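Peer 1: Okay, here's the structure, questions in a sec.
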Amino acid sequence: MREGSLSAAARSLNVSQPTTRRHIESLEQSLGQKLFIRTPSGLIPTETAQVLLPHVVEMAAAAEAFVRAASADIGSAKGTVRIATSELLGVEILPQRLEPLRLHYPDLLLELSLSSKIEGLPGLEADIAIRTLRPKALPVSAQRAGYCEVGLYATEDYLTRYGIPHSIGALALHALIGPDRKLHDIEVFCKQGMDFAPHQYRLRTDSHLAQLAAIRNGLGIGACHEPIARQSGLVRVLAQEFSYPLEFWVVMHEDLRNIPEVRVVFDHLLNTLRQYLAE
């Protein structure tokens with residue numbers, strides 16, 4: 001289901017395509033259910049396959065955790081740990097805070113999976129996730145790192161040139177930077193009393209990293225994490241009118257909590273995020 005075709009699945013599993021097909025046919029025969037419909041363009045999962053997918057994902061995670069635990073040196077931290085987080089955190093926050101891991105655990109390899117998704121461990125494609133919502137669907141170990149305040153910011157030069165808005169309504173006279181099609185972000189803006197009229201936004205993008213770059217370069221007023229804004233020398237406006245807390249959670253699957261390298265990275269991320277958010 002993840003790869004979309006027998007040939008792609010076979011390459012991913014490092015087995016032949018006929019072997020993959022035989023395994024699927026054997027499983028279908030055992031279940032008495034069709035799992036895929038074969039088409040010229042690939043495999044289409046049946047409704048039965050969709051229902052079974054969460055259970056198979058859990059089985060795969062448990063099997064991988066078993067292999068990793070069985071092959072690990074007790075007390076050591078080496079191997080690869082994959083971290084899923086947002087573009088903003090992956091570029092602006094994490095890099096300078098991962099150096100201690102490299103120094104203390106030279107055999108530790110890190111992978112960063114960056115996306116704007118807010119789910120916990122989507123498809124279990126990562127060992128650890130940093131998210132702004134606590135996941136509920138999967139059996140995970142989640143710890144709250146803290147929160148930061150999100151406000152409206154601009155450069156000093158921009159505010160000198162165009163003036164400081166003194167009300168939400170006055171933002172209509174300014175160049176705004178905000179979300180494009182991401183409903184969650186649009187809802188946040190609306191709840192803060194901002195009219196999401198597209199013509200009022202000089203730059204719309206769903207990438208928080210792109211929004212930050214635009215604010216830093218003086219293109220207008222936009223939302224930003226308070227610690228990042230402070231480090232960037234940005235000036236806050238309408239602090240009383242526009243403000244909301246953003247929580248941060250460090251999450252890993254329960255089956256991975258006793259894997260040494262995963263535990264080490266999890267604890268480091270939790271501690272370093274707590275320090276960052278407390279600054």
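So you can find residues: chains in the structure tokens are A, B, ... in the order shown, residues in each start at 1, and ligands are numbered from 1 in order.
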Residues at most 8 Å from range 36-51 of chain A, counting only C-alpha atoms, excluding those fewer than 3 positions away in the same chain, as a list of chain:residue names?

Peer 2: A:Met1, A:Gly4, A:Ser5, A:Leu6, A:Gln33, A:Pro54

Peer 1: Next, the residues of the selection above should be written as an mmCIF file, in the first residue's frame with C-alpha atoms.

Peer 2:
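Output contents, as saved in again-v6.cif:
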```cif
data_model
loop_
_atom_site.group_PDB
_atom_site.id
_atom_site.type_symbol
_atom_site.label_atom_id
_atom_site.label_comp_id
_atom_site.auth_asym_id
_atom_site.auth_seq_id
_atom_site.Cartn_x
_atom_site.Cartn_y
_atom_site.Cartn_z
ATOM 1 C CA MET A 1 0.000 0.000 0.000
ATOM 2 C CA GLY A 4 1.780 1.454 -4.894
ATOM 3 C CA SER A 5 3.019 -1.448 -7.025
ATOM 4 C CA LEU A 6 4.422 -4.943 -6.705
ATOM 5 C CA GLN A 33 -10.366 -11.649 1.403
ATOM 6 C CA PRO A 54 -3.403 0.271 11.089
#
```

Peer 1: Taking the DSSP assignment computed from this structure's backbone, write out as a ChimeraX atom specification all residues of range 99-266 of chain A that belong to strand (DSSP E).

Peer 2: /A:108-114,128-131,140-154,176-178,201-204,221-225,235-237,244-253

Peer 1: Considering only C-alpha atoms, tabulate each residue of range 147-253 of chain A that lies at most 6 Å from range 131-136 of chain A along with its nearest interatomic pair and the corresponding distance in Å to one decimal; arrange the rows by chain and ascending residue number and present them as a tab-separated table.

Peer 2:
```
residue	atom	partner	partner_atom	distance
A:Glu247	CA	A:Thr132	CA	5.1
A:Phe248	CA	A:Thr132	CA	4.6
A:Trp249	CA	A:Arg131	CA	5.2
```

Peer 1: Could you write those residues out with N, CA and C atoms, as a compact mmCIF listing (two decimals), in the first residue's frame?

Peer 2:
```txt
# COMPACT_ATOMS: atom_id res chain seq x y z
N GLU A 247 2.07 24.50 21.93
CA GLU A 247 2.72 23.44 22.70
C GLU A 247 3.67 22.63 21.83
N PHE A 248 4.66 22.03 22.48
CA PHE A 248 5.58 21.14 21.80
C PHE A 248 5.64 19.81 22.54
N TRP A 249 5.50 18.73 21.77
CA TRP A 249 5.54 17.38 22.33
C TRP A 249 6.62 16.58 21.63
```

Peer 1: Determine which residues of range 55-195 of chain A DSSP labels as helix (DSSP H, G or I) from the backbone of this structure, then write them out as a PyMOL selection string.

Peer 2: chain A and resi 55-71+87-93+95-97+99-104+122-124+156-162+169-173+183-191

Peer 1: Find the spatial neighbours of range 239-242 of chain A, counting only C-alpha atoms, within a cut-off of 12 Å - ignore same-chain residues fewer than 4 positions away - and output them as a VMD selection string.

Peer 2: chain A and resid 149 to 153 164 to 171 188 to 194 222 to 224 226 235

Peer 1: Considering only C-alpha atoms, tabulate each residue of range 141-238 of chain A that lies at most 10 Å from range 275-278 of chain A along with its nearest interatomic pair and the corresponding distance in Å to one decimal; arrange the rows by chain and ascending residue number and present them as a Markdown table.

Peer 2:
```
| residue | atom | partner | partner_atom | distance |
| --- | --- | --- | --- | --- |
| A:Ala145 | CA | A:Leu277 | CA | 7.9 |
| A:Gly146 | CA | A:Leu277 | CA | 6.4 |
| A:Tyr147 | CA | A:Leu277 | CA | 6.4 |
| A:Cys148 | CA | A:Leu277 | CA | 6.1 |
| A:Glu149 | CA | A:Leu277 | CA | 9.5 |
| A:Glu226 | CA | A:Leu277 | CA | 9.3 |
| A:Pro227 | CA | A:Leu277 | CA | 7.3 |
| A:Ile228 | CA | A:Tyr276 | CA | 10.0 |
```

Peer 1: Export, as a PDB file, in the first residue's frame, the selected residues with all heavy atoms.

Peer 2:
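Once everything was written out, this is selection-v4.pdb:
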```pdb
ATOM      1  N   ALA A 145       7.248  19.171  26.066  1.00  0.00           N
ATOM      2  CA  ALA A 145       8.483  19.922  26.251  1.00  0.00           C
ATOM      3  C   ALA A 145       8.212  21.327  26.785  1.00  0.00           C
ATOM      4  O   ALA A 145       9.074  21.932  27.415  1.00  0.00           O
ATOM      5  CB  ALA A 145       9.248  20.017  24.937  1.00  0.00           C
ATOM      6  N   GLY A 146       7.017  21.841  26.549  1.00  0.00           N
ATOM      7  CA  GLY A 146       6.673  23.185  26.978  1.00  0.00           C
ATOM      8  C   GLY A 146       5.895  23.894  25.888  1.00  0.00           C
ATOM      9  O   GLY A 146       5.312  23.248  25.009  1.00  0.00           O
ATOM     10  N   TYR A 147       5.881  25.218  25.942  1.00  0.00           N
ATOM     11  CA  TYR A 147       5.168  25.963  24.923  1.00  0.00           C
ATOM     12  C   TYR A 147       5.875  27.287  24.672  1.00  0.00           C
ATOM     13  O   TYR A 147       6.675  27.761  25.491  1.00  0.00           O
ATOM     14  CB  TYR A 147       3.715  26.216  25.338  1.00  0.00           C
ATOM     15  CG  TYR A 147       3.551  27.328  26.347  1.00  0.00           C
ATOM     16  CD1 TYR A 147       3.261  28.632  25.937  1.00  0.00           C
ATOM     17  CD2 TYR A 147       3.698  27.085  27.717  1.00  0.00           C
ATOM     18  CE1 TYR A 147       3.120  29.654  26.851  1.00  0.00           C
ATOM     19  CE2 TYR A 147       3.566  28.100  28.642  1.00  0.00           C
ATOM     20  CZ  TYR A 147       3.274  29.386  28.205  1.00  0.00           C
ATOM     21  OH  TYR A 147       3.151  30.402  29.116  1.00  0.00           O
ATOM     22  N   CYS A 148       5.601  27.855  23.523  1.00  0.00           N
ATOM     23  CA  CYS A 148       6.069  29.212  23.241  1.00  0.00           C
ATOM     24  C   CYS A 148       4.878  30.032  22.766  1.00  0.00           C
ATOM     25  O   CYS A 148       3.866  29.481  22.336  1.00  0.00           O
ATOM     26  CB  CYS A 148       7.192  29.216  22.205  1.00  0.00           C
ATOM     27  SG  CYS A 148       6.654  28.930  20.517  1.00  0.00           S
ATOM     28  N   GLU A 149       5.018  31.316  22.863  1.00  0.00           N
ATOM     29  CA  GLU A 149       3.943  32.201  22.438  1.00  0.00           C
ATOM     30  C   GLU A 149       4.158  32.586  20.977  1.00  0.00           C
ATOM     31  O   GLU A 149       5.287  32.848  20.551  1.00  0.00           O
ATOM     32  CB  GLU A 149       3.935  33.454  23.316  1.00  0.00           C
ATOM     33  CG  GLU A 149       2.650  34.249  23.248  1.00  0.00           C
ATOM     34  CD  GLU A 149       2.599  35.326  24.318  1.00  0.00           C
ATOM     35  OE1 GLU A 149       2.653  34.978  25.515  1.00  0.00           O
ATOM     36  OE2 GLU A 149       2.516  36.514  23.942  1.00  0.00           O
ATOM     37  N   GLU A 226       7.867  33.306  19.395  1.00  0.00           N
ATOM     38  CA  GLU A 226       8.535  34.369  20.141  1.00  0.00           C
ATOM     39  C   GLU A 226      10.047  34.151  20.269  1.00  0.00           C
ATOM     40  O   GLU A 226      10.821  35.103  20.043  1.00  0.00           O
ATOM     41  CB  GLU A 226       7.893  34.509  21.521  1.00  0.00           C
ATOM     42  CG  GLU A 226       8.320  35.758  22.283  1.00  0.00           C
ATOM     43  CD  GLU A 226       9.629  35.554  23.039  1.00  0.00           C
ATOM     44  OE1 GLU A 226       9.932  34.401  23.395  1.00  0.00           O
ATOM     45  OE2 GLU A 226      10.339  36.551  23.255  1.00  0.00           O
ATOM     46  N   PRO A 227      10.547  32.938  20.588  1.00  0.00           N
ATOM     47  CA  PRO A 227      12.005  32.772  20.700  1.00  0.00           C
ATOM     48  C   PRO A 227      12.732  33.015  19.377  1.00  0.00           C
ATOM     49  O   PRO A 227      13.808  33.620  19.359  1.00  0.00           O
ATOM     50  CB  PRO A 227      12.158  31.304  21.152  1.00  0.00           C
ATOM     51  CG  PRO A 227      10.853  30.960  21.779  1.00  0.00           C
ATOM     52  CD  PRO A 227       9.830  31.717  20.996  1.00  0.00           C
ATOM     53  N   ILE A 228      12.157  32.544  18.271  1.00  0.00           N
ATOM     54  CA  ILE A 228      12.785  32.758  16.962  1.00  0.00           C
ATOM     55  C   ILE A 228      12.763  34.242  16.604  1.00  0.00           C
ATOM     56  O   ILE A 228      13.751  34.781  16.087  1.00  0.00           O
ATOM     57  CB  ILE A 228      12.075  31.931  15.873  1.00  0.00           C
ATOM     58  CG1 ILE A 228      12.289  30.433  16.132  1.00  0.00           C
ATOM     59  CG2 ILE A 228      12.577  32.304  14.493  1.00  0.00           C
ATOM     60  CD1 ILE A 228      11.569  29.540  15.140  1.00  0.00           C
TER      61      ILE A 228
END
```

Peer 1: Per residue of range 167-275 of chain A within 7 Å of range 155-163 of chain A, which atom pair is closest and at what distance in Å (one decimal), using only C-alpha atoms, listed by chain and increasing number, as a Markdown table?

Peer 2:
```
| residue | atom | partner | partner_atom | distance |
| --- | --- | --- | --- | --- |
| A:Ile215 | CA | A:Thr155 | CA | 6.9 |
| A:Arg216 | CA | A:Thr155 | CA | 6.3 |
| A:Gly218 | CA | A:Tyr158 | CA | 5.5 |
| A:Gly220 | CA | A:Tyr158 | CA | 6.9 |
| A:Leu234 | CA | A:Thr155 | CA | 5.0 |
| A:Val235 | CA | A:Thr155 | CA | 5.9 |
```

Peer 1: What lies within 8 Å of Ser141 in chain A using only C-alpha atoms, ignoring chain neighbours under 4 positions off, as an MDAnalysis selection string?

Peer 2: chainID A and resid 251:254 257

Peer 1: Hey, can you spit out that residue selection with all heavy atoms as a compact mmCIF listing (two decimals), in the first residue's frame?

Peer 2:
```txt
# COMPACT_ATOMS: atom_id res chain seq x y z
N VAL A 251 7.62 12.75 20.84
CA VAL A 251 6.83 11.53 20.76
C VAL A 251 7.64 10.40 20.16
O VAL A 251 8.41 10.60 19.23
CB VAL A 251 5.57 11.77 19.88
CG1 VAL A 251 4.68 10.55 19.87
CG2 VAL A 251 4.82 13.00 20.34
N MET A 252 7.47 9.20 20.73
CA MET A 252 8.03 8.00 20.11
C MET A 252 7.08 6.85 20.33
O MET A 252 6.27 6.86 21.27
CB MET A 252 9.43 7.66 20.65
CG MET A 252 9.46 7.22 22.09
SD MET A 252 11.14 6.76 22.58
CE MET A 252 10.96 6.64 24.37
N HIS A 253 7.17 5.85 19.49
CA HIS A 253 6.31 4.68 19.62
C HIS A 253 6.72 3.89 20.85
O HIS A 253 7.90 3.77 21.17
CB HIS A 253 6.41 3.82 18.36
CG HIS A 253 5.30 2.83 18.23
ND1 HIS A 253 5.32 1.61 18.86
CD2 HIS A 253 4.11 2.88 17.58
CE1 HIS A 253 4.22 0.95 18.58
NE2 HIS A 253 3.46 1.71 17.81
N GLU A 254 5.74 3.36 21.55
CA GLU A 254 6.01 2.60 22.77
C GLU A 254 7.00 1.47 22.56
O GLU A 254 7.82 1.17 23.42
CB GLU A 254 4.69 2.04 23.34
CG GLU A 254 3.82 3.05 24.03
CD GLU A 254 4.33 3.42 25.41
OE1 GLU A 254 5.37 2.87 25.82
OE2 GLU A 254 3.71 4.26 26.07
N ARG A 257 10.84 2.47 23.00
CA ARG A 257 11.32 3.23 24.15
C ARG A 257 12.53 2.59 24.81
O ARG A 257 13.30 3.27 25.51
CB ARG A 257 10.20 3.41 25.18
CG ARG A 257 9.68 2.15 25.80
CD ARG A 257 8.47 2.43 26.68
NE ARG A 257 8.75 3.47 27.63
CZ ARG A 257 7.82 4.03 28.40
NH1 ARG A 257 6.56 3.67 28.29
NH2 ARG A 257 8.16 4.97 29.27
```

Peer 1: A:Leu114, A:Ile83, A:Ala154, A:Leu27: which is nearest Ala229 in chain A, counting only C-alpha atoms?

Peer 2: A:Ala154

Peer 1: Quick one: of A:Ile221, A:Leu31, A:Leu94, A:Leu110, who's nearest to Leu173 in chain A, counting only C-alpha atoms?

Peer 2: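 Counting only C-alpha atoms, the residue closest to Leu173 in chain A is A:Ile221.
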